[in-house]
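Trainee: Dumping the structure here so I can ask a few things about it.
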Amino acid sequence: MAIKMTTQQKQIESYLKQCSEQVHKETVRVLSYIGERCIIEARDRSQIESWIDRTGNLRSSVGYVIVANGEIVAMSDFKQVNSGSEGKNEGEAYARTLASSIPKGYAVIIVAGMAYASFVEAMENKVVLASAETLAMKIVPEIVNELKKRIEDIYNVDK
């Protein structure tokens, strides 16, 4: 007894494309959430808790990009603080440069784009991105697990 395919190939391809697009959209949404949580941790703290804003450039240079298969698919606003337009531009440029080094898969890249960011952390003993990295290490596994469950639920995948 032979098996006969009754569904047209176009329908199968269309369904698979729709599934792929939905997974992509959910992945970008989750990575955006992670990026937002990290930049809030990095830049939305008082100067006592973090560093003193003299120009606003360092805080303005904090942001993120999301990369999917070599393309930037989302980016934070790199919000200008005080007169920190240089920081805003440097942060965005640095994030774009790092994004170009991710040719495959998905990534969220959180940056402090001013060249002296590491100096502030190391020499002045202030937290720039260290607490954001700690937060990411904590929340990423549980959020990715939630994403996996959500995708399994959407497509009724047997566990």
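Numbering starts fresh at 1 for the residues of each chain in the structure tokens, the chains themselves are lettered A, B, ... in the order given, and ligands are numbered from 1 as they appear.
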Write out as JSON, numbers by chain each polymer residue whose atoms come within 12 Å of Ser20 in chain A, counting only C-alpha atoms; drop sequence neighbours fewer than 5 positions from it.
Mentor: {"A": [13, 14, 15, 25, 26, 27, 151, 154, 155]}
Trainee: Can those selected residues be exported to a file as an mmCIF file, in the first residue's frame so that it contains N, CA and C atoms?
Mentor:
data_model
loop_
_atom_site.group_PDB
_atom_site.id
_atom_site.type_symbol
_atom_site.label_atom_id
_atom_site.label_comp_id
_atom_site.auth_asym_id
_atom_site.auth_seq_id
_atom_site.Cartn_x
_atom_site.Cartn_y
_atom_site.Cartn_z
ATOM 1 N N GLU A 13 5.371 24.464 2.396
ATOM 2 C CA GLU A 13 6.396 25.502 2.426
ATOM 3 C C GLU A 13 5.879 26.785 3.059
ATOM 4 N N SER A 14 4.638 27.135 2.752
ATOM 5 C CA SER A 14 4.024 28.338 3.328
ATOM 6 C C SER A 14 3.888 28.197 4.843
ATOM 7 N N TYR A 15 3.451 27.042 5.296
ATOM 8 C CA TYR A 15 3.299 26.807 6.731
ATOM 9 C C TYR A 15 4.648 26.860 7.445
ATOM 10 N N LYS A 25 10.153 36.199 15.289
ATOM 11 C CA LYS A 25 9.518 37.323 15.982
ATOM 12 C C LYS A 25 9.577 37.132 17.508
ATOM 13 N N GLU A 26 9.285 35.933 17.970
ATOM 14 C CA GLU A 26 9.327 35.653 19.412
ATOM 15 C C GLU A 26 10.757 35.763 19.948
ATOM 16 N N THR A 27 11.725 35.292 19.182
ATOM 17 C CA THR A 27 13.127 35.353 19.610
ATOM 18 C C THR A 27 13.585 36.801 19.717
ATOM 19 N N ILE A 151 7.275 28.445 22.281
ATOM 20 C CA ILE A 151 7.304 27.940 20.910
ATOM 21 C C ILE A 151 6.736 26.529 20.854
ATOM 22 N N ILE A 154 2.965 26.917 21.104
ATOM 23 C CA ILE A 154 2.379 27.455 19.873
ATOM 24 C C ILE A 154 2.225 26.363 18.826
ATOM 25 N N TYR A 155 3.231 25.517 18.707
ATOM 26 C CA TYR A 155 3.233 24.502 17.659
ATOM 27 C C TYR A 155 2.898 23.104 18.165
#
Trainee: Report as an mmCIF file with C-alpha atoms, in the first residue's frame all protein, DNA and RNA residues lying within 7 Å of range 78-86 of chain A, evaluated on only C-alpha atoms, omitting residues in the same chain fewer than 2 positions from it.
Mentor:
data_model
loop_
_atom_site.group_PDB
_atom_site.id
_atom_site.type_symbol
_atom_site.label_atom_id
_atom_site.label_comp_id
_atom_site.auth_asym_id
_atom_site.auth_seq_id
_atom_site.Cartn_x
_atom_site.Cartn_y
_atom_site.Cartn_z
ATOM 1 C CA THR A 55 29.272 65.098 30.030
ATOM 2 C CA GLY A 56 26.586 62.424 29.769
ATOM 3 C CA ASN A 57 28.603 60.651 27.083
ATOM 4 C CA ARG A 59 25.547 56.948 29.966
ATOM 5 C CA SER A 60 24.438 57.965 26.443
ATOM 6 C CA SER A 61 26.706 55.303 24.930
ATOM 7 C CA VAL A 62 24.917 52.452 26.741
ATOM 8 C CA GLY A 63 22.534 50.454 24.575
ATOM 9 C CA SER A 76 17.844 50.362 21.598
ATOM 10 C CA LYS A 88 25.092 58.338 21.721
ATOM 11 C CA ASN A 89 26.912 58.210 18.371
ATOM 12 C CA GLU A 90 29.885 56.226 19.714
ATOM 13 C CA GLY A 91 27.635 53.671 21.412
ATOM 14 C CA GLU A 92 25.575 53.071 18.320
#
Trainee: Go through A:Ile110, A:Leu16, A:Ile139, A:Val28 one by one, measure the shortest atom-to-atom distance of each to Ala68 in chain A using only C-alpha atoms, and give the residue with the smallest value.
Mentor: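 Among A:Ile110, A:Leu16, A:Ile139, A:Val28, it is A:Val28 that comes nearest to Ala68 in chain A.
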Trainee: Could you pull the residues within 8 Å of Ala132 in chain A, counting only C-alpha atoms, minus those fewer than 3 positions along the same chain, as a list in words?
Mentor: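 Neighbouring residues, sequence-local ones excluded: Arg37, Cys38, Ile39, Glu41, Ala42, Leu129, Leu135 and Ala136 of chain A.
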Trainee: For the residues in that selection, give me C-alpha atoms as a PDB file, in the first residue's frame.
Mentor:
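Saved file out_23.pdb follows:
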ATOM      1  CA  ARG A  37      16.572  44.935  31.289  1.00  0.00           C
ATOM      2  CA  CYS A  38      20.355  45.139  30.910  1.00  0.00           C
ATOM      3  CA  ILE A  39      20.487  48.760  29.793  1.00  0.00           C
ATOM      4  CA  GLU A  41      20.493  48.059  34.999  1.00  0.00           C
ATOM      5  CA  ALA A  42      23.484  49.849  33.463  1.00  0.00           C
ATOM      6  CA  LEU A 129      28.275  47.121  32.522  1.00  0.00           C
ATOM      7  CA  LEU A 135      21.841  40.302  35.469  1.00  0.00           C
ATOM      8  CA  ALA A 136      22.017  38.780  31.984  1.00  0.00           C
TER       9      ALA A 136
END
Trainee: Write out as a compact mmCIF listing (two decimals) with C-alpha atoms, in the first residue's frame all residues of chain A that DSSP puts in helix (DSSP H, G or I) for this structure's backbone.
Mentor:
# COMPACT_ATOMS: atom_id res chain seq x y z
CA GLN A 9 4.10 21.33 -1.53
CA LYS A 10 3.35 25.07 -1.62
CA GLN A 11 1.08 24.73 1.42
CA ILE A 12 3.77 22.92 3.37
CA GLU A 13 6.40 25.50 2.43
CA SER A 14 4.02 28.34 3.33
CA TYR A 15 3.30 26.81 6.73
CA LEU A 16 6.98 26.25 7.48
CA LYS A 17 7.78 29.83 6.47
CA GLN A 18 5.01 31.09 8.74
CA CYS A 19 6.40 29.00 11.63
CA SER A 20 9.92 30.29 11.01
CA GLU A 21 8.72 33.90 10.98
CA GLN A 22 6.81 33.41 14.24
CA VAL A 23 9.85 31.85 15.94
CA HIS A 24 11.99 34.74 14.66
CA LYS A 25 9.52 37.32 15.98
CA GLU A 26 9.33 35.65 19.41
CA THR A 27 13.13 35.35 19.61
CA VAL A 28 13.63 39.04 18.78
CA ARG A 29 10.97 40.00 21.34
CA VAL A 30 12.70 38.00 24.06
CA LEU A 31 16.16 39.33 23.19
CA SER A 32 14.77 42.88 23.22
CA TYR A 33 13.41 42.28 26.70
CA ILE A 34 16.83 41.05 27.84
CA GLY A 35 18.53 44.05 26.23
CA GLU A 36 16.11 46.51 27.86
CA ARG A 37 16.57 44.94 31.29
CA CYS A 38 20.35 45.14 30.91
CA ILE A 39 20.49 48.76 29.79
CA ILE A 40 18.13 49.78 32.57
CA GLU A 41 20.49 48.06 35.00
CA ALA A 42 23.48 49.85 33.46
CA ARG A 43 22.26 53.39 32.90
CA ASN A 57 28.60 60.65 27.08
CA LEU A 58 29.19 57.38 28.94
CA ARG A 59 25.55 56.95 29.97
CA SER A 60 24.44 57.97 26.44
CA SER A 85 25.59 63.34 21.75
CA GLU A 86 29.12 62.00 21.21
CA GLY A 87 28.35 59.08 23.52
CA LYS A 88 25.09 58.34 21.72
CA ASN A 89 26.91 58.21 18.37
CA GLU A 90 29.88 56.23 19.71
CA GLY A 91 27.64 53.67 21.41
CA GLU A 92 25.57 53.07 18.32
CA ALA A 93 28.66 52.83 16.08
CA TYR A 94 30.37 50.39 18.47
CA ALA A 95 27.26 48.22 18.69
CA ARG A 96 27.03 48.12 14.88
CA THR A 97 30.70 47.16 14.63
CA LEU A 98 30.27 44.29 17.07
CA ALA A 99 27.08 43.18 15.33
CA ALA A 117 34.11 52.72 29.99
CA SER A 118 36.46 49.94 31.08
CA PHE A 119 38.73 52.51 32.76
CA VAL A 120 35.80 53.80 34.83
CA GLU A 121 35.06 50.25 35.98
CA ALA A 122 38.66 49.24 36.59
CA MET A 123 40.30 52.38 37.94
CA ALA A 130 29.36 44.58 35.14
CA SER A 131 26.00 44.53 36.91
CA ALA A 132 24.18 44.27 33.56
CA GLU A 133 26.32 41.25 32.68
CA THR A 134 25.54 39.67 36.04
CA LEU A 135 21.84 40.30 35.47
CA ALA A 136 22.02 38.78 31.98
CA MET A 137 23.75 35.65 33.30
CA LYS A 138 20.93 35.28 35.79
CA ILE A 139 17.90 35.95 33.57
CA VAL A 140 18.95 34.58 30.16
CA PRO A 141 18.65 30.85 31.00
CA GLU A 142 15.16 31.19 32.46
CA ILE A 143 13.95 33.53 29.68
CA VAL A 144 15.32 31.29 26.92
CA ASN A 145 13.64 28.33 28.60
CA GLU A 146 10.35 30.28 28.63
CA LEU A 147 10.83 31.06 24.93
CA LYS A 148 11.37 27.40 24.17
CA LYS A 149 8.20 26.45 26.08
CA ARG A 150 6.21 29.18 24.32
CA ILE A 151 7.30 27.94 20.91
CA GLU A 152 6.51 24.35 21.87
CA ASP A 153 3.05 25.45 23.04
CA ILE A 154 2.38 27.45 19.87
Trainee: Would you kindly return, as a PDB file with C-alpha atoms, in the first residue's frame, each protein, DNA or RNA residue with an atom no farther than 12 Å from any atom of Ile48 in chain A, considering only C-alpha atoms and excluding same-chain residues fewer than 6 positions away?
Mentor:
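Result file follows (selection.pdb):
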ATOM      1  CA  ASN A 125      35.857  51.078  40.920  1.00  0.00           C
ATOM      2  CA  LYS A 126      32.482  52.029  39.448  1.00  0.00           C
ATOM      3  CA  VAL A 127      29.996  49.717  37.797  1.00  0.00           C
TER       4      VAL A 127
END
Trainee: Considering only C-alpha atoms, state which residue in the set A:Val157, A:Val65, A:Ala112, A:Met1 is at the smallest distance from Asp77 in chain A.
Mentor: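 Smallest distance to Asp77 in chain A is found for A:Val65.
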Trainee: Just give me the gap between CA of Ile109 in chain A and CA of Met75 in chain A in Å, one decimal is fine.
Mentor: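 Distance between the two atoms: 9.5 Å.
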Trainee: Work out how far apart CA of Glu49 in chain A and CA of Gly113 in chain A are and give it in Å to one decimal.
Mentor: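 Rounded to one decimal, the two atoms are 19.7 Å apart.
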Trainee: Rounded to one decimal in Å, what is the spacing between CA of Ser100 in chain A and CA of Val73 in chain A?
Mentor: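 Here the two named atoms are 12.1 Å from each other.
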Trainee: From the set A:Arg54, A:Lys104, A:Lys4, A:Arg45, which residue has the shortest atom-to-atom contact distance to Glu71 in chain A, counting only C-alpha atoms?
Mentor: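 Going through A:Arg54, A:Lys104, A:Lys4, A:Arg45 one by one, the smallest distance to Glu71 in chain A is for A:Lys104.
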Trainee: So which bits of chain A end up strand (DSSP E) when you DSSP the backbone, as a PyMOL selection string?
Mentor: chain A and resi 62-68+71-75+106-112
Trainee: Counting only C-alpha atoms, which of A:Glu124, A:Thr7, A:Ser50, A:Gly70 gets nearest to Ser101 in chain A?
Mentor: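 Looking at the shortest contact to Ser101 in chain A, the residue is A:Gly70.
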